[in-house]
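Asker: The file below is entry28.cif, mmCIF, C-alpha atoms and all ligand atoms:
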```
data_start
loop_
_atom_site.label_atom_id
_atom_site.label_comp_id
_atom_site.auth_asym_id
_atom_site.auth_seq_id
_atom_site.Cartn_x
_atom_site.Cartn_y
_atom_site.Cartn_z
CA MET N 9 20.95 -2.85 11.02
CA THR N 10 20.27 0.39 9.13
CA LYS N 11 20.83 3.61 11.07
CA TRP N 12 18.26 6.23 12.05
CA LYS N 13 17.66 8.92 9.45
CA THR N 14 16.01 12.31 9.82
CA ALA N 15 13.27 13.17 7.35
CA GLU N 16 11.57 16.54 6.77
CA LEU N 17 7.93 16.77 5.68
CA ILE N 18 7.82 18.67 2.37
CA GLU N 19 4.34 17.82 1.04
CA SER N 20 1.10 16.49 2.46
CA HIS N 21 -2.34 15.93 1.01
CA ASP N 22 -5.49 13.95 1.74
CA LEU N 23 -5.98 10.74 -0.24
CA SER N 24 -9.33 10.10 1.50
CA PRO N 25 -11.08 11.36 4.68
CA SER N 26 -8.79 9.14 6.78
CA VAL N 27 -5.61 8.65 4.73
CA LYS N 28 -2.91 11.24 4.06
CA SER N 29 -0.05 11.09 1.59
CA LEU N 30 3.12 12.46 3.23
CA ARG N 31 6.32 13.18 1.32
CA PHE N 32 9.62 13.57 3.15
CA LYS N 33 13.06 14.73 2.09
CA VAL N 34 15.68 12.36 3.52
CA SER N 35 19.27 13.55 3.65
CA ASP N 36 20.97 10.13 3.82
CA TRP N 37 18.48 8.55 1.44
CA GLU N 38 19.09 5.02 0.19
CA PRO N 39 17.15 3.23 -2.55
CA HIS N 40 14.27 0.96 -1.61
CA ILE N 41 12.69 -2.00 -3.37
CA ALA N 42 9.03 -1.54 -4.31
CA GLY N 43 6.90 -3.02 -1.49
CA GLN N 44 9.30 -2.25 1.36
CA HIS N 45 8.54 -0.29 4.52
CA TYR N 46 10.24 2.00 7.05
CA MET N 47 10.03 2.14 10.82
CA VAL N 48 8.93 5.57 12.09
CA ARG N 49 9.89 6.61 15.62
CA VAL N 50 7.98 9.21 17.64
CA GLU N 51 9.40 10.44 20.92
CA SER N 52 7.62 12.61 23.48
CA PRO N 53 9.50 15.33 25.43
CA GLU N 54 9.23 13.01 28.46
CA GLY N 55 11.17 10.33 26.58
CA TYR N 56 8.23 8.01 25.74
CA ILE N 57 8.95 6.27 22.43
CA ALA N 58 6.51 4.73 19.93
CA GLU N 59 7.63 2.95 16.75
CA ARG N 60 5.45 1.81 13.85
CA TYR N 61 6.01 0.51 10.33
CA TYR N 62 4.83 2.41 7.22
CA SER N 63 5.08 1.24 3.62
CA LEU N 64 6.65 3.34 0.90
CA SER N 65 4.29 4.40 -1.87
CA ASN N 66 6.71 6.15 -4.22
CA SER N 67 8.75 4.62 -6.98
CA PRO N 68 12.29 3.55 -6.01
CA LEU N 69 13.46 5.62 -8.99
CA GLU N 70 12.59 8.86 -7.14
CA GLU N 71 15.81 9.81 -5.39
CA GLY N 72 16.07 11.58 -2.04
CA ILE N 73 12.36 11.35 -1.26
CA ILE N 74 10.23 8.87 0.60
CA GLU N 75 6.46 8.94 0.38
CA LEU N 76 4.18 7.31 2.94
CA GLY N 77 0.42 6.85 3.04
CA VAL N 78 -0.89 6.98 6.58
CA GLN N 79 -4.35 5.95 7.74
CA LEU N 80 -5.53 7.84 10.81
CA LEU N 81 -6.71 5.39 13.47
CA PRO N 82 -8.96 6.61 16.32
CA ASP N 83 -6.57 7.51 19.17
CA GLY N 84 -3.71 5.94 17.23
CA GLU N 85 -0.48 7.32 18.67
CA VAL N 86 1.77 7.47 15.63
CA SER N 87 -0.86 7.92 12.91
CA THR N 88 -2.27 10.93 14.82
CA PHE N 89 1.22 12.40 15.19
CA LEU N 90 1.89 12.00 11.45
CA HIS N 91 -1.51 13.44 10.47
CA THR N 92 -0.85 16.57 12.51
CA LEU N 93 2.83 17.01 11.57
CA PRO N 94 3.26 20.48 9.98
CA LEU N 95 5.22 21.08 6.77
CA GLY N 96 8.89 21.37 7.74
CA GLY N 97 8.30 19.01 10.69
CA LYS N 98 10.93 16.34 11.19
CA ILE N 99 10.67 12.65 12.04
CA LYS N 100 13.14 9.89 12.73
CA LEU N 101 12.97 6.75 10.65
CA ARG N 102 14.90 3.62 9.89
CA GLY N 103 14.85 1.34 6.85
CA PRO N 104 14.03 0.25 4.25
CA PHE N 105 12.95 -3.16 5.57
CA GLY N 106 11.32 -6.28 4.11
CA THR N 107 12.45 -8.16 1.05
CA HIS N 108 9.77 -10.83 0.88
CA PHE N 109 6.89 -8.53 -0.02
CA SER N 110 8.62 -6.78 -2.88
CA TRP N 111 8.72 -6.57 -6.63
CA VAL N 112 11.56 -5.78 -9.03
CA PRO N 113 11.15 -5.10 -12.77
CA GLU N 114 13.46 -8.04 -13.55
CA ASP N 115 10.61 -10.31 -12.41
CA LYS N 116 8.81 -10.79 -15.72
CA ASN N 117 5.82 -12.81 -14.47
CA SER N 118 2.49 -11.06 -14.61
CA ILE N 119 1.35 -9.93 -11.18
CA ILE N 120 -1.95 -9.57 -9.40
CA LEU N 121 -2.21 -7.08 -6.55
CA ILE N 122 -5.17 -7.51 -4.18
CA ALA N 123 -5.61 -4.62 -1.76
CA GLY N 124 -7.98 -3.96 1.11
CA GLY N 125 -8.14 -0.21 1.86
CA SER N 126 -4.74 1.16 2.89
CA GLY N 127 -3.23 -2.11 1.67
CA LEU N 128 -2.99 -0.33 -1.69
CA ILE N 129 -0.19 1.91 -0.32
CA PRO N 130 2.79 -0.45 -0.85
CA PHE N 131 1.31 -1.48 -4.21
CA MET N 132 1.59 2.13 -5.44
CA SER N 133 5.36 1.80 -5.32
CA MET N 134 5.14 -1.32 -7.54
CA ILE N 135 2.52 0.18 -9.87
CA ARG N 136 4.45 3.44 -10.34
CA LEU N 137 7.71 1.59 -10.96
CA ASN N 138 6.07 -0.78 -13.43
CA HIS N 139 4.46 2.15 -15.23
CA GLU N 140 7.86 3.83 -15.52
CA GLN N 141 9.13 0.70 -17.32
CA LEU N 142 6.81 1.58 -20.23
CA ARG N 143 9.58 3.93 -21.42
CA ASN N 144 11.80 0.93 -22.26
CA GLU N 145 8.85 -1.27 -23.15
CA GLN N 146 9.65 -3.43 -20.11
CA SER N 147 6.40 -2.98 -18.23
CA VAL N 148 4.84 -6.32 -17.16
CA PRO N 149 1.13 -7.25 -17.05
CA MET N 150 -0.24 -6.09 -13.70
CA LYS N 151 -3.82 -6.33 -12.46
CA ILE N 152 -4.99 -4.51 -9.33
CA ILE N 153 -8.09 -5.62 -7.43
CA GLY N 154 -9.04 -3.13 -4.73
CA SER N 155 -11.66 -3.21 -2.02
CA PHE N 156 -12.78 -0.05 -0.22
CA ARG N 157 -15.68 0.78 2.03
CA THR N 158 -17.17 3.72 0.13
CA LYS N 159 -16.32 5.81 -2.94
CA LYS N 160 -14.73 8.47 -0.70
CA ASP N 161 -12.33 5.86 0.68
CA ILE N 162 -10.83 4.90 -2.69
CA LEU N 163 -7.12 5.80 -2.68
CA TYR N 164 -5.11 7.08 -5.69
CA TYR N 165 -8.20 6.76 -7.93
CA ASP N 166 -7.34 9.52 -10.43
CA GLU N 167 -3.75 8.35 -10.69
CA LEU N 168 -4.81 4.74 -11.30
CA LEU N 169 -7.25 5.89 -13.98
CA ALA N 170 -4.49 7.93 -15.67
CA ILE N 171 -1.94 5.11 -15.51
CA THR N 172 -4.30 2.46 -16.85
CA LYS N 173 -5.32 4.79 -19.69
CA MET N 174 -1.68 5.23 -20.72
CA ASN N 175 -0.39 1.74 -19.98
CA PRO N 176 -2.20 -1.20 -21.59
CA ASN N 177 -0.29 -3.61 -19.32
CA ILE N 178 -1.85 -2.25 -16.13
CA SER N 179 -5.52 -2.63 -15.27
CA PHE N 180 -7.60 -2.23 -12.14
CA THR N 181 -10.99 -3.19 -10.85
CA LEU N 182 -12.61 -1.98 -7.64
CA THR N 183 -15.35 -3.11 -5.35
CA LEU N 184 -17.06 -1.16 -2.56
CA THR N 185 -18.23 -3.02 0.52
CA GLN N 186 -20.84 -0.42 1.53
CA GLU N 187 -23.65 0.18 -0.91
CA LYS N 188 -24.38 3.72 0.31
CA SER N 189 -21.99 5.40 -2.16
CA HIS N 190 -23.87 7.76 -4.45
CA GLY N 191 -22.90 7.83 -8.10
CA TRP N 192 -21.02 4.52 -7.93
CA THR N 193 -21.86 2.32 -10.87
CA GLY N 194 -19.10 -0.25 -10.25
CA ARG N 195 -19.23 -3.44 -8.25
CA VAL N 196 -20.56 -3.56 -4.70
CA GLY N 197 -19.81 -6.30 -2.18
CA ARG N 198 -16.90 -8.16 -0.68
CA ILE N 199 -14.31 -9.96 -2.76
CA ASP N 200 -15.41 -13.58 -2.92
CA ALA N 201 -14.24 -16.68 -4.79
CA GLN N 202 -16.76 -16.15 -7.58
CA TYR N 203 -15.52 -12.63 -8.22
CA LEU N 204 -11.87 -13.75 -8.15
CA GLN N 205 -12.61 -16.62 -10.47
CA ARG N 206 -14.20 -14.27 -12.99
CA GLU N 207 -11.52 -11.55 -12.71
CA LEU N 208 -8.63 -14.00 -12.80
CA SER N 209 -9.84 -16.44 -15.44
CA THR N 210 -6.57 -16.10 -17.41
CA GLU N 211 -4.11 -15.56 -14.55
CA ARG N 212 -5.37 -18.48 -12.42
CA ASN N 213 -3.72 -21.10 -14.59
CA SER N 214 -0.67 -19.10 -15.65
CA ASP N 215 2.58 -18.41 -13.79
CA SER N 216 1.26 -15.10 -12.36
CA HIS N 217 2.33 -14.08 -8.87
CA PHE N 218 -0.24 -12.89 -6.34
CA TYR N 219 0.29 -10.15 -3.74
CA VAL N 220 -2.24 -9.49 -0.98
CA SER N 221 -2.09 -6.49 1.36
CA GLY N 222 -4.33 -4.97 4.04
CA SER N 223 -5.58 -5.71 7.54
CA THR N 224 -4.89 -9.17 8.97
CA ARG N 225 -8.58 -10.01 8.58
CA PHE N 226 -8.59 -9.00 4.92
CA VAL N 227 -5.37 -10.85 4.07
CA GLU N 228 -6.47 -14.06 5.78
CA ALA N 229 -9.85 -13.94 3.99
CA MET N 230 -8.20 -13.35 0.59
CA LYS N 231 -5.71 -16.18 1.07
CA LYS N 232 -8.61 -18.56 1.73
CA GLN N 233 -10.51 -17.33 -1.33
CA LEU N 234 -7.43 -17.63 -3.54
CA GLU N 235 -6.72 -21.13 -2.27
CA SER N 236 -10.34 -22.08 -3.01
CA ILE N 237 -9.83 -21.19 -6.69
CA GLY N 238 -6.61 -23.18 -6.88
CA ILE N 239 -3.90 -20.60 -6.19
CA THR N 240 -1.24 -22.25 -4.05
CA ASN N 241 0.54 -20.47 -1.18
CA GLU N 242 3.85 -20.53 -3.05
CA ARG N 243 2.38 -18.13 -5.62
CA MET N 244 1.28 -15.63 -2.95
CA LYS N 245 3.06 -12.87 -1.03
CA GLU N 246 1.31 -11.04 1.79
CA GLU N 247 1.64 -7.89 3.90
CA GLN N 248 -0.50 -7.58 7.01
CA PHE N 249 -0.90 -4.15 8.63
CA GLY N 250 -2.31 -5.62 11.87
C1 LIG E 1 4.78 -4.11 7.56
C2 LIG E 1 3.74 -3.08 7.93
C3 LIG E 1 3.47 -2.03 7.05
C4 LIG E 1 2.51 -1.08 7.39
N1 LIG E 1 2.24 -0.07 6.51
C5 LIG E 1 1.30 0.85 6.81
C6 LIG E 1 1.00 1.90 5.88
O1 LIG E 1 1.57 2.01 4.79
N2 LIG E 1 0.04 2.81 6.24
C7 LIG E 1 -0.64 2.72 7.43
O2 LIG E 1 -1.48 3.58 7.70
N3 LIG E 1 -0.35 1.73 8.33
C8 LIG E 1 0.60 0.82 8.04
N4 LIG E 1 0.90 -0.16 8.96
C9 LIG E 1 0.24 -0.11 10.30
C10 LIG E 1 1.05 0.84 11.22
O3 LIG E 1 2.32 0.25 11.49
C11 LIG E 1 0.38 1.11 12.57
O4 LIG E 1 0.06 -0.12 13.17
C12 LIG E 1 -0.87 1.97 12.46
O5 LIG E 1 -0.59 3.22 11.85
C13 LIG E 1 -1.45 2.23 13.87
O6 LIG E 1 -0.50 2.86 14.67
P1 LIG E 1 -0.93 4.00 15.70
O7 LIG E 1 0.25 4.29 16.56
O8 LIG E 1 -1.58 5.15 15.02
O9 LIG E 1 -2.07 3.30 16.52
P2 LIG E 1 -1.91 2.54 17.96
O10 LIG E 1 -1.64 3.54 19.02
O11 LIG E 1 -0.96 1.41 17.80
O12 LIG E 1 -3.38 2.01 18.10
C14 LIG E 1 -4.00 1.15 17.12
C15 LIG E 1 -5.48 1.06 17.40
O13 LIG E 1 -5.67 0.37 18.61
C16 LIG E 1 -6.43 1.16 19.49
N5 LIG E 1 -5.83 1.00 20.83
C17 LIG E 1 -4.58 1.29 21.20
N6 LIG E 1 -4.41 0.97 22.50
C18 LIG E 1 -5.58 0.48 22.93
C19 LIG E 1 -6.06 -0.02 24.17
N7 LIG E 1 -5.29 -0.08 25.24
N8 LIG E 1 -7.34 -0.46 24.22
C20 LIG E 1 -8.14 -0.41 23.15
N9 LIG E 1 -7.76 0.06 21.96
C21 LIG E 1 -6.51 0.49 21.85
C22 LIG E 1 -6.28 2.60 19.01
O14 LIG E 1 -7.42 3.36 19.33
C23 LIG E 1 -6.14 2.42 17.52
O15 LIG E 1 -7.39 2.43 16.90
C24 LIG E 1 1.83 -1.15 8.64
C25 LIG E 1 2.12 -2.20 9.52
C26 LIG E 1 3.05 -3.16 9.18
C27 LIG E 1 3.33 -4.28 10.15
#
```
Kindly transcribe the structure held in the file into structure tokens.
Ligand SMILES: Cc1cc2nc3c(=O)[nH]c(=O)nc-3n(C[C@H](O)[C@H](O)[C@H](O)COP(=O)(O)OP(=O)(O)OC[C@H]3O[C@@H](n4cnc5c(N)ncnc54)[C@H](O)[C@@H]3O)c2cc1C

Answerer:
Amino acid sequence: MTKWKTAELIESHDLSPSVKSLRFKVSDWEPHIAGQHYMVRVESPEGYIAERYYSLSNSPLEEGIIELGVQLLPDGEVSTFLHTLPLGGKIKLRGPFGTHFSWVPEDKNSIILIAGGSGLIPFMSMIRLNHEQLRNEQSVPMKIIGSFRTKKDILYYDELLAITKMNPNISFTLTLTQEKSHGWTGRVGRIDAQYLQRELSTERNSDSHFYVSGSTRFVEAMKKQLESIGITNERMKEEQFG
């Protein structure tokens, strides 16, 4: 059981109208594996305690820092606390946890990351780490398929554009589920079997590994769609945010 650590908020910025990126300095930092999460504890002066899990979005190669992406939920206890935490504010956390939903550079299979909204957060740790492997020419083929509601909700867009421009091994494709977005010339609509079949024509019959992350509803829907195009459960790893 890992012990509680204290982390100080050193940087915060909006990734979208409802998601903030929060960077903390952790004194007794320990390395994480890309895809892992921490448990954050919030305690009121009256002694009421709430604990929630949050995935790490930064590369494991960044020492002493943990970065979270937090989606604000209406009346959500911990997400509201984290969204209103001032710079210099401290939180208690424990981790890192979770070894199943993780990726290490030694895994040389190509990987497909399918994200619904904030499900992209743990993938950023994998994407950033894989991009860093370009230095030693060890970066593996990685394809990201992301689904967001509107253009404003797309997370890490500029960074993904920059990475995919520099790194020929990493590519991404996005779809928006609400057509209202002005100036969006990309795909609109939910991820369905037809779309997956087209996007994954090469990877479907290779030894690629598939990762799916997002709300329970999104993950369950994606697993069904992947199964329908012949991807077996053994090739999939999933993270459900609830
Ligand atoms: C492994 C894992 C990793 C995760 N990673 C992330 C991550 O990277 N980023 C992220 O943002 N989230 C992540 N989550 C989700 C996160 O742990 C929290 O569940 C989320 O932030 C909501 O917590 P909260 O305290 O803000 O909301 P809660 O207080 O738990 O409320 C959740 C929702 O339920 C509603 N609600 C609460 N009580 C009631 C009630 N009595 N009646 C009706 N409605 C109610 C609230 O209004 C709110 O909309 C992860 C979850 C898991 C399991």

Asker: Can you list every residue of chain N that has an atom at most 10 Å from ligand LIG 1 (chain E), with its nearest atom pair and the distance in Å to one decimal, using only C-alpha atoms and all ligand atoms, ordered by chain then number, as a Markdown table?

Answerer:
```
| residue | atom | partner | partner_atom | distance |
| --- | --- | --- | --- | --- |
| N:Ser26 | CA | E:LIG1 | O2 | 9.2 |
| N:Val27 | CA | E:LIG1 | O2 | 7.2 |
| N:Lys28 | CA | E:LIG1 | O2 | 8.6 |
| N:Ser29 | CA | E:LIG1 | N2 | 9.5 |
| N:Gly43 | CA | E:LIG1 | C3 | 9.3 |
| N:Gln44 | CA | E:LIG1 | C1 | 7.9 |
| N:His45 | CA | E:LIG1 | C3 | 5.9 |
| N:Tyr46 | CA | E:LIG1 | C3 | 7.9 |
| N:Met47 | CA | E:LIG1 | O3 | 8.0 |
| N:Val48 | CA | E:LIG1 | O3 | 8.5 |
| N:Arg49 | CA | E:LIG1 | O7 | 10.0 |
| N:Val50 | CA | E:LIG1 | O7 | 9.2 |
| N:Ala58 | CA | E:LIG1 | O7 | 7.1 |
| N:Glu59 | CA | E:LIG1 | O7 | 7.5 |
| N:Arg60 | CA | E:LIG1 | O3 | 4.2 |
| N:Tyr61 | CA | E:LIG1 | O3 | 3.9 |
| N:Tyr62 | CA | E:LIG1 | N1 | 3.7 |
| N:Ser63 | CA | E:LIG1 | O1 | 3.8 |
| N:Leu64 | CA | E:LIG1 | O1 | 6.5 |
| N:Ser65 | CA | E:LIG1 | O1 | 7.6 |
| N:Glu75 | CA | E:LIG1 | O1 | 9.6 |
| N:Leu76 | CA | E:LIG1 | O1 | 6.2 |
| N:Gly77 | CA | E:LIG1 | N2 | 5.2 |
| N:Val78 | CA | E:LIG1 | O2 | 3.6 |
| N:Gln79 | CA | E:LIG1 | O2 | 3.7 |
| N:Leu80 | CA | E:LIG1 | O8 | 6.4 |
| N:Leu81 | CA | E:LIG1 | O15 | 4.6 |
| N:Pro82 | CA | E:LIG1 | O15 | 4.5 |
| N:Asp83 | CA | E:LIG1 | O14 | 4.2 |
| N:Gly84 | CA | E:LIG1 | O8 | 3.2 |
| N:Glu85 | CA | E:LIG1 | O7 | 3.8 |
| N:Val86 | CA | E:LIG1 | O7 | 3.6 |
| N:Ser87 | CA | E:LIG1 | O8 | 3.6 |
| N:Thr88 | CA | E:LIG1 | O8 | 5.8 |
| N:Phe89 | CA | E:LIG1 | O8 | 7.8 |
| N:Leu90 | CA | E:LIG1 | O8 | 8.5 |
| N:His91 | CA | E:LIG1 | O8 | 9.5 |
| N:Phe105 | CA | E:LIG1 | C1 | 8.5 |
| N:Gly106 | CA | E:LIG1 | C1 | 7.7 |
| N:Phe109 | CA | E:LIG1 | C1 | 9.0 |
| N:Gly125 | CA | E:LIG1 | O2 | 9.6 |
| N:Ser126 | CA | E:LIG1 | N2 | 6.1 |
| N:Gly127 | CA | E:LIG1 | O1 | 7.1 |
| N:Leu128 | CA | E:LIG1 | O1 | 8.3 |
| N:Ile129 | CA | E:LIG1 | O1 | 5.4 |
| N:Pro130 | CA | E:LIG1 | O1 | 6.3 |
| N:Phe131 | CA | E:LIG1 | O1 | 9.7 |
| N:Ser221 | CA | E:LIG1 | C3 | 9.1 |
| N:Gly222 | CA | E:LIG1 | C4 | 8.6 |
| N:Ser223 | CA | E:LIG1 | C9 | 8.5 |
| N:Thr224 | CA | E:LIG1 | C27 | 9.6 |
| N:Glu246 | CA | E:LIG1 | C1 | 9.7 |
| N:Glu247 | CA | E:LIG1 | C1 | 6.1 |
| N:Gln248 | CA | E:LIG1 | C27 | 6.0 |
| N:Phe249 | CA | E:LIG1 | C25 | 3.7 |
| N:Gly250 | CA | E:LIG1 | C27 | 6.0 |
```

Asker: Out of N:Ile237, N:Ile162, N:Leu93, N:Ala229, which residue has the shortest atom-to-atom distance to Ser209 in chain N when counting all atoms listed in the file?

Answerer: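 The closest residue to Ser209 in chain N is N:Ile237.
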
Asker: Which one of N:Ala170, N:Pro39, N:Ile120, N:Ser189 sits closest to Leu234 in chain N if you count only C-alpha atoms?

Answerer: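 Closest candidate: N:Ile120.
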
Asker: Determine, counting only C-alpha atoms, which protein, DNA and RNA residues have an atom within 12 Å of an atom of Asn117 in chain N; residues of the same chain fewer than 4 positions away are not included. Present the result as a PyMOL selection string.

Answerer: chain N and resi 111-113+146-151+211+214-218+243

Asker: I'd like to know which of N:Pro25, N:Pro104, N:Gly154, N:Pro94 is closest to Val196 in chain N, using all atoms listed in the file.

Answerer: N:Gly154

Asker: For Leu208 in chain N, which of N:Ser118, N:Ala123, N:Phe156, N:Thr185 is the closest residue, counting all atoms listed in the file?

Answerer: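 With all atoms listed in the file as the atom set, the closest residue is N:Ser118.
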
Asker: Any chance you could build range 91-122 of chain N out to N, CA and C atoms and write it as a CSV table (one decimal), keeping the file's coordinate frame?

Answerer:
```csv
chain,number,residue,atom,x,y,z
N,91,HIS,N,-0.4,12.6,11.1
N,91,HIS,CA,-1.5,13.4,10.5
N,91,HIS,C,-1.5,14.9,10.9
N,92,THR,N,-0.9,15.2,12.0
N,92,THR,CA,-0.8,16.6,12.5
N,92,THR,C,0.5,17.2,12.4
N,93,LEU,N,1.5,16.5,11.8
N,93,LEU,CA,2.8,17.0,11.6
N,93,LEU,C,2.8,18.2,10.6
N,94,PRO,N,3.3,19.4,10.9
N,94,PRO,CA,3.3,20.5,10.0
N,94,PRO,C,4.3,20.4,8.9
N,95,LEU,N,4.2,21.1,7.8
N,95,LEU,CA,5.2,21.1,6.8
N,95,LEU,C,6.5,21.6,7.4
N,96,GLY,N,7.6,21.0,7.1
N,96,GLY,CA,8.9,21.4,7.7
N,96,GLY,C,9.2,20.6,9.0
N,97,GLY,N,8.1,19.9,9.5
N,97,GLY,CA,8.3,19.0,10.7
N,97,GLY,C,9.2,17.8,10.4
N,98,LYS,N,10.0,17.4,11.4
N,98,LYS,CA,10.9,16.3,11.2
N,98,LYS,C,10.6,15.1,12.0
N,99,ILE,N,10.9,13.9,11.3
N,99,ILE,CA,10.7,12.6,12.0
N,99,ILE,C,11.9,11.8,11.9
N,100,LYS,N,12.0,10.8,12.8
N,100,LYS,CA,13.1,9.9,12.7
N,100,LYS,C,12.6,8.6,12.1
N,101,LEU,N,13.4,8.0,11.2
N,101,LEU,CA,13.0,6.8,10.6
N,101,LEU,C,14.2,5.9,10.3
N,102,ARG,N,13.9,4.6,10.1
N,102,ARG,CA,14.9,3.6,9.9
N,102,ARG,C,14.4,2.6,8.8
N,103,GLY,N,15.3,2.3,7.9
N,103,GLY,CA,14.8,1.3,6.8
N,103,GLY,C,15.7,1.6,5.6
N,104,PRO,N,15.2,1.0,4.5
N,104,PRO,CA,14.0,0.2,4.2
N,104,PRO,C,14.2,-1.2,4.7
N,105,PHE,N,13.0,-1.8,5.1
N,105,PHE,CA,13.0,-3.2,5.6
N,105,PHE,C,12.0,-4.0,4.7
N,106,GLY,N,12.2,-5.3,4.7
N,106,GLY,CA,11.3,-6.3,4.1
N,106,GLY,C,11.7,-6.6,2.7
N,107,THR,N,12.1,-7.8,2.4
N,107,THR,CA,12.4,-8.2,1.0
N,107,THR,C,11.5,-9.2,0.5
N,108,HIS,N,10.7,-9.8,1.4
N,108,HIS,CA,9.8,-10.8,0.9
N,108,HIS,C,8.6,-10.2,0.1
N,109,PHE,N,8.0,-9.2,0.6
N,109,PHE,CA,6.9,-8.5,0.0
N,109,PHE,C,7.4,-7.4,-0.9
N,110,SER,N,8.0,-7.8,-2.0
N,110,SER,CA,8.6,-6.8,-2.9
N,110,SER,C,8.6,-7.2,-4.3
N,111,TRP,N,8.7,-6.3,-5.2
N,111,TRP,CA,8.7,-6.6,-6.6
N,111,TRP,C,9.8,-5.8,-7.3
N,112,VAL,N,10.5,-6.5,-8.2
N,112,VAL,CA,11.6,-5.8,-9.0
N,112,VAL,C,11.2,-6.0,-10.5
N,113,PRO,N,11.5,-5.0,-11.4
N,113,PRO,CA,11.2,-5.1,-12.8
N,113,PRO,C,11.8,-6.3,-13.5
N,114,GLU,N,12.8,-6.9,-12.9
N,114,GLU,CA,13.5,-8.0,-13.6
N,114,GLU,C,12.5,-9.3,-13.5
N,115,ASP,N,11.6,-9.2,-12.5
N,115,ASP,CA,10.6,-10.3,-12.4
N,115,ASP,C,9.6,-10.1,-13.5
N,116,LYS,N,9.6,-11.0,-14.5
N,116,LYS,CA,8.8,-10.8,-15.7
N,116,LYS,C,7.5,-11.5,-15.7
N,117,ASN,N,7.1,-12.2,-14.6
N,117,ASN,CA,5.8,-12.8,-14.5
N,117,ASN,C,4.8,-11.7,-14.4
N,118,SER,N,3.6,-12.0,-14.8
N,118,SER,CA,2.5,-11.1,-14.6
N,118,SER,C,2.1,-11.1,-13.1
N,119,ILE,N,1.7,-9.9,-12.6
N,119,ILE,CA,1.4,-9.9,-11.2
N,119,ILE,C,0.0,-9.4,-10.9
N,120,ILE,N,-0.6,-10.0,-9.8
N,120,ILE,CA,-2.0,-9.6,-9.4
N,120,ILE,C,-1.8,-9.0,-8.0
N,121,LEU,N,-2.3,-7.8,-7.8
N,121,LEU,CA,-2.2,-7.1,-6.6
N,121,LEU,C,-3.6,-7.0,-6.0
N,122,ILE,N,-3.8,-7.6,-4.8
N,122,ILE,CA,-5.2,-7.5,-4.2
N,122,ILE,C,-5.1,-6.7,-2.9
```
